[in-house]
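One file, structure18.cif, carrying mmCIF, C-alpha atoms and all ligand atoms; chains and numbers go by the auth columns:
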```
data_structure
#
loop_
_atom_site.group_PDB
_atom_site.id
_atom_site.type_symbol
_atom_site.label_atom_id
_atom_site.label_comp_id
_atom_site.label_asym_id
_atom_site.label_seq_id
_atom_site.Cartn_x
_atom_site.Cartn_y
_atom_site.Cartn_z
_atom_site.B_iso_or_equiv
_atom_site.auth_seq_id
_atom_site.auth_asym_id
ATOM 1 C CA MET A 1 -30.582 -6.835 -3.206 0.00 1 A
ATOM 2 C CA LEU A 2 -29.709 -10.263 -4.565 0.00 2 A
ATOM 3 C CA LYS A 3 -28.610 -13.102 -2.313 0.00 3 A
ATOM 4 C CA ARG A 4 -26.449 -16.082 -3.267 0.00 4 A
ATOM 5 C CA LEU A 5 -27.796 -19.572 -2.807 0.00 5 A
ATOM 6 C CA ARG A 6 -26.354 -21.277 0.265 0.00 6 A
ATOM 7 C CA ASN A 7 -25.151 -24.237 -1.767 0.00 7 A
ATOM 8 C CA SER A 8 -23.281 -22.079 -4.268 0.00 8 A
ATOM 9 C CA LYS A 9 -19.929 -23.750 -4.938 0.00 9 A
ATOM 10 C CA GLY A 10 -18.044 -21.081 -6.806 0.00 10 A
ATOM 11 C CA LYS A 11 -14.526 -20.217 -5.630 0.00 11 A
ATOM 12 C CA ASN A 12 -14.328 -16.855 -3.867 0.00 12 A
ATOM 13 C CA ILE A 13 -12.458 -14.192 -5.810 0.00 13 A
ATOM 14 C CA THR A 14 -11.987 -10.438 -5.567 0.00 14 A
ATOM 15 C CA ILE A 15 -13.109 -7.938 -8.174 0.00 15 A
ATOM 16 C CA TRP A 16 -12.792 -4.163 -7.979 0.00 16 A
ATOM 17 C CA PHE A 17 -15.686 -1.747 -8.418 0.00 17 A
ATOM 18 C CA GLU A 18 -14.873 1.959 -8.400 0.00 18 A
ATOM 19 C CA GLU A 19 -11.507 1.070 -6.791 0.00 19 A
ATOM 20 C CA LYS A 20 -13.149 -0.843 -3.911 0.00 20 A
ATOM 21 C CA PRO A 21 -12.692 -4.605 -3.446 0.00 21 A
ATOM 22 C CA ILE A 22 -15.783 -6.765 -3.755 0.00 22 A
ATOM 23 C CA SER A 23 -16.054 -10.456 -2.994 0.00 23 A
ATOM 24 C CA ALA A 24 -17.476 -12.497 -5.867 0.00 24 A
ATOM 25 C CA GLN A 25 -17.789 -16.144 -6.792 0.00 25 A
ATOM 26 C CA GLU A 26 -16.476 -17.747 -9.951 0.00 26 A
ATOM 27 C CA GLY A 27 -19.261 -18.483 -12.390 0.00 27 A
ATOM 28 C CA GLU A 28 -21.474 -15.549 -11.555 0.00 28 A
ATOM 29 C CA SER A 29 -21.893 -12.497 -13.758 0.00 29 A
ATOM 30 C CA VAL A 30 -20.432 -9.098 -12.972 0.00 30 A
ATOM 31 C CA ALA A 31 -23.954 -7.715 -12.509 0.00 31 A
ATOM 32 C CA SER A 32 -24.859 -10.498 -10.062 0.00 32 A
ATOM 33 C CA ALA A 33 -21.694 -9.996 -8.043 0.00 33 A
ATOM 34 C CA LEU A 34 -22.295 -6.269 -7.760 0.00 34 A
ATOM 35 C CA LEU A 35 -25.926 -6.598 -6.734 0.00 35 A
ATOM 36 C CA CYS A 36 -25.030 -9.300 -4.182 0.00 36 A
ATOM 37 C CA ALA A 37 -22.497 -6.843 -2.763 0.00 37 A
ATOM 38 C CA GLY A 38 -25.185 -4.196 -2.341 0.00 38 A
ATOM 39 C CA VAL A 39 -24.377 -2.064 -5.384 0.00 39 A
ATOM 40 C CA GLU A 40 -27.877 -1.214 -6.566 0.00 40 A
ATOM 41 C CA ASP A 41 -27.311 1.486 -9.155 0.00 41 A
ATOM 42 C CA LEU A 42 -24.843 0.457 -11.824 0.00 42 A
ATOM 43 C CA ARG A 43 -25.125 3.634 -13.852 0.00 43 A
ATOM 44 C CA THR A 44 -27.296 6.687 -14.443 0.00 44 A
ATOM 45 C CA ALA A 45 -29.482 7.352 -17.458 0.00 45 A
ATOM 46 C CA PRO A 46 -27.656 9.754 -19.803 0.00 46 A
ATOM 47 C CA LEU A 47 -30.498 12.258 -20.128 0.00 47 A
ATOM 48 C CA SER A 48 -32.603 12.019 -16.968 0.00 48 A
ATOM 49 C CA GLY A 49 -29.841 11.045 -14.543 0.00 49 A
ATOM 50 C CA ALA A 50 -32.084 8.335 -13.073 0.00 50 A
ATOM 51 C CA SER A 51 -30.376 5.350 -11.447 0.00 51 A
ATOM 52 C CA ARG A 52 -30.324 2.236 -13.613 0.00 52 A
ATOM 53 C CA ALA A 53 -29.881 -1.445 -12.741 0.00 53 A
ATOM 54 C CA PRO A 54 -29.984 -4.753 -14.638 0.00 54 A
ATOM 55 C CA TYR A 55 -33.447 -5.553 -15.945 0.00 55 A
ATOM 56 C CA CYS A 56 -33.540 -8.412 -18.447 0.00 56 A
ATOM 57 C CA TRP A 57 -30.422 -10.393 -17.397 0.00 57 A
ATOM 58 C CA MET A 58 -30.065 -11.765 -20.922 0.00 58 A
ATOM 59 C CA GLY A 59 -28.398 -9.094 -23.027 0.00 59 A
ATOM 60 C CA VAL A 60 -31.458 -7.348 -24.420 0.00 60 A
ATOM 61 C CA CYS A 61 -32.112 -4.157 -22.420 0.00 61 A
ATOM 62 C CA PHE A 62 -28.577 -2.698 -22.046 0.00 62 A
ATOM 63 C CA GLU A 63 -29.441 -1.349 -18.588 0.00 63 A
ATOM 64 C CA CYS A 64 -26.362 -3.041 -17.114 0.00 64 A
ATOM 65 C CA LEU A 65 -23.642 -1.317 -19.164 0.00 65 A
ATOM 66 C CA LEU A 66 -20.362 -0.845 -17.315 0.00 66 A
ATOM 67 C CA GLU A 67 -16.713 -0.237 -18.063 0.00 67 A
ATOM 68 C CA ILE A 68 -14.936 -3.556 -17.472 0.00 68 A
ATOM 69 C CA ASP A 69 -11.143 -3.795 -17.585 0.00 69 A
ATOM 70 C CA GLY A 70 -10.977 -0.543 -19.530 0.00 70 A
ATOM 71 C CA GLN A 71 -13.556 -1.539 -22.142 0.00 71 A
ATOM 72 C CA PRO A 72 -16.655 0.694 -22.128 0.00 72 A
ATOM 73 C CA ASN A 73 -20.274 -0.346 -22.640 0.00 73 A
ATOM 74 C CA ARG A 74 -19.956 -4.003 -21.605 0.00 74 A
ATOM 75 C CA GLN A 75 -23.139 -5.854 -20.735 0.00 75 A
ATOM 76 C CA SER A 76 -22.338 -6.847 -17.169 0.00 76 A
ATOM 77 C CA CYS A 77 -25.195 -9.364 -16.994 0.00 77 A
ATOM 78 C CA LEU A 78 -23.444 -11.520 -19.612 0.00 78 A
ATOM 79 C CA ILE A 79 -19.830 -11.295 -18.465 0.00 79 A
ATOM 80 C CA PRO A 80 -18.521 -13.753 -15.867 0.00 80 A
ATOM 81 C CA VAL A 81 -16.362 -12.358 -13.087 0.00 81 A
ATOM 82 C CA GLN A 82 -12.613 -12.950 -13.144 0.00 82 A
ATOM 83 C CA GLU A 83 -10.067 -12.441 -10.376 0.00 83 A
ATOM 84 C CA GLY A 84 -8.834 -8.853 -10.234 0.00 84 A
ATOM 85 C CA MET A 85 -11.355 -7.520 -12.742 0.00 85 A
ATOM 86 C CA ARG A 86 -11.611 -3.705 -12.679 0.00 86 A
ATOM 87 C CA ILE A 87 -15.110 -2.327 -13.071 0.00 87 A
ATOM 88 C CA ARG A 88 -16.338 1.240 -13.246 0.00 88 A
ATOM 89 C CA ARG A 89 -19.568 3.036 -13.907 0.00 89 A
ATOM 90 C CA PRO A 90 -19.731 4.538 -17.422 0.00 90 A
ATOM 91 C CA ALA A 91 -17.604 7.674 -17.626 0.00 91 A
ATOM 92 C CA LEU A 92 -19.680 9.526 -20.180 0.00 92 A
ATOM 93 C CA ASN A 93 -22.952 11.130 -19.122 0.00 93 A
ATOM 94 C CA PHE A 94 -24.712 12.926 -21.935 0.00 94 A
ATOM 95 C CA GLY A 95 -26.783 14.924 -19.421 0.00 95 A
ATOM 96 C CA GLU A 96 -23.758 16.763 -18.089 0.00 96 A
ATOM 97 C CA SER A 97 -21.725 19.401 -19.817 0.00 97 A
ATOM 98 C CA ALA A 98 -17.991 18.899 -20.044 0.00 98 A
HETATM 99 S S1 LIG B . -29.580 -6.632 -17.839 0.00 101 B
HETATM 100 FE FE1 LIG B . -30.408 -6.351 -19.812 0.00 101 B
HETATM 101 S S2 LIG B . -28.671 -6.374 -21.107 0.00 101 B
HETATM 102 FE FE2 LIG B . -27.875 -6.763 -19.150 0.00 101 B
#
```
What does this structure look like when you write it as structure tokens?
Ligand code: FES
Amino acid sequence: MLKRLRNSKGKNITIWFEEKPISAQEGESVASALLCAGVEDLRTAPLSGASRAPYCWMGVCFECLLEIDGQPNRQSCLIPVQEGMRIRRPALNFGESA
């Protein structure tokens, strides 16, 4: 679990993950806010179903993909939080049949 620095000066805002409110701070990424809130598995691997979490934190590995404000496959490590943002785990799982 990540922990914010004590001298962090970002304004507190609320984002929504899977319809639950989460406290975040302006200036941090969606991935950071979620991990600081205790969300450790952002998605599951399409084939194996294994839990996945951010790895590179710089837009290379794509392990942090989430649906953000209705847009699928957003790299949550690169996107700053915004008040009222709606975030969901990816809807499509190739390992499951429809
Ligand atoms: S953590 Fe690697 S692309 Fe986001």
(request) Kindly work out which residues sit at most 8 Å from ligand LIG 101 (chain B), using all atoms listed in the file, and give the list as a PyMOL selection string. (result) chain A and resi 31+53-65+75-78
Selected by the PyMOL selection byres (((chain A and resi 18-30) around 8) and not hetatm) in the shown coordinates: which residues, as a PDB file with C-alpha atoms, in the frame of the given file?
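Below you can see selection.pdb, which holds the result:
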```
ATOM      1  CA  GLY A  10     -18.044 -21.081  -6.806  1.00  0.00           C
ATOM      2  CA  LYS A  11     -14.526 -20.217  -5.630  1.00  0.00           C
ATOM      3  CA  ASN A  12     -14.328 -16.855  -3.867  1.00  0.00           C
ATOM      4  CA  ILE A  13     -12.458 -14.192  -5.810  1.00  0.00           C
ATOM      5  CA  THR A  14     -11.987 -10.438  -5.567  1.00  0.00           C
ATOM      6  CA  ILE A  15     -13.109  -7.938  -8.174  1.00  0.00           C
ATOM      7  CA  TRP A  16     -12.792  -4.163  -7.979  1.00  0.00           C
ATOM      8  CA  PHE A  17     -15.686  -1.747  -8.418  1.00  0.00           C
ATOM      9  CA  ALA A  31     -23.954  -7.715 -12.509  1.00  0.00           C
ATOM     10  CA  SER A  32     -24.859 -10.498 -10.062  1.00  0.00           C
ATOM     11  CA  ALA A  33     -21.694  -9.996  -8.043  1.00  0.00           C
ATOM     12  CA  LEU A  34     -22.295  -6.269  -7.760  1.00  0.00           C
ATOM     13  CA  ALA A  37     -22.497  -6.843  -2.763  1.00  0.00           C
ATOM     14  CA  SER A  76     -22.338  -6.847 -17.169  1.00  0.00           C
ATOM     15  CA  CYS A  77     -25.195  -9.364 -16.994  1.00  0.00           C
ATOM     16  CA  LEU A  78     -23.444 -11.520 -19.612  1.00  0.00           C
ATOM     17  CA  ILE A  79     -19.830 -11.295 -18.465  1.00  0.00           C
ATOM     18  CA  PRO A  80     -18.521 -13.753 -15.867  1.00  0.00           C
ATOM     19  CA  VAL A  81     -16.362 -12.358 -13.087  1.00  0.00           C
ATOM     20  CA  GLN A  82     -12.613 -12.950 -13.144  1.00  0.00           C
ATOM     21  CA  ARG A  86     -11.611  -3.705 -12.679  1.00  0.00           C
ATOM     22  CA  ILE A  87     -15.110  -2.327 -13.071  1.00  0.00           C
ATOM     23  CA  ARG A  88     -16.338   1.240 -13.246  1.00  0.00           C
ATOM     24  CA  ARG A  89     -19.568   3.036 -13.907  1.00  0.00           C
TER      25      ARG A  89
END
```
(message) With the PyMOL selection byres (((chain A and resi 2) around 7) and not hetatm) as the selection, what would be picked from this file? Answer as a count of residues only, please.
(response) 5
(message) List the spatial neighbours of Arg43 (chain A) as a PyMOL selection string - criterion: any atom at most 7 Å away, all atoms listed in the file, same-chain residues fewer than 3 positions off excluded.
(response) chain A and resi 51-52+89-90
(message) Could you tell me how far CA of Leu5 (chain A) sits from CA of Gly84 (chain A), in Å to one decimal place?
(response)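 Spanning CA of Gly84 (chain A) to CA of Leu5 (chain A) is a straight-line distance of 23.0 Å.
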(request) Calculate how many Å separate CA of Leu66 (chain A) from CA of Leu42 (chain A), rounding to one decimal. (result)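 Straight-line distance from CA of Leu66 (chain A) to CA of Leu42 (chain A) works out to 7.2 Å.
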(message) My list of candidates is A:Val39, A:Gly49, A:Glu83, A:Arg6. Which is closest to Asp69 (chain A) when distances are computed with all atoms listed in the file?
(response)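 Ranking A:Val39, A:Gly49, A:Glu83, A:Arg6 by distance to Asp69 (chain A), first place goes to A:Glu83.
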(request) Record the distance separating CA of Ala50 (chain A) and CA of Asn73 (chain A), expressed in Å with one decimal. (result)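 Atom-to-atom, CA of Ala50 (chain A) to CA of Asn73 (chain A), that is 17.5 Å.
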Please report, as AutoDock Vina command-line options, the centre and edge lengths in Å to one decimal of an axis-aligned box covering all listed atoms of region 43-51 of chain A with 4 Å per side.
```
--center_x -28.9 --center_y 7.9 --center_z -15.8 --size_x 15.5 --size_y 16.6 --size_z 16.7
```
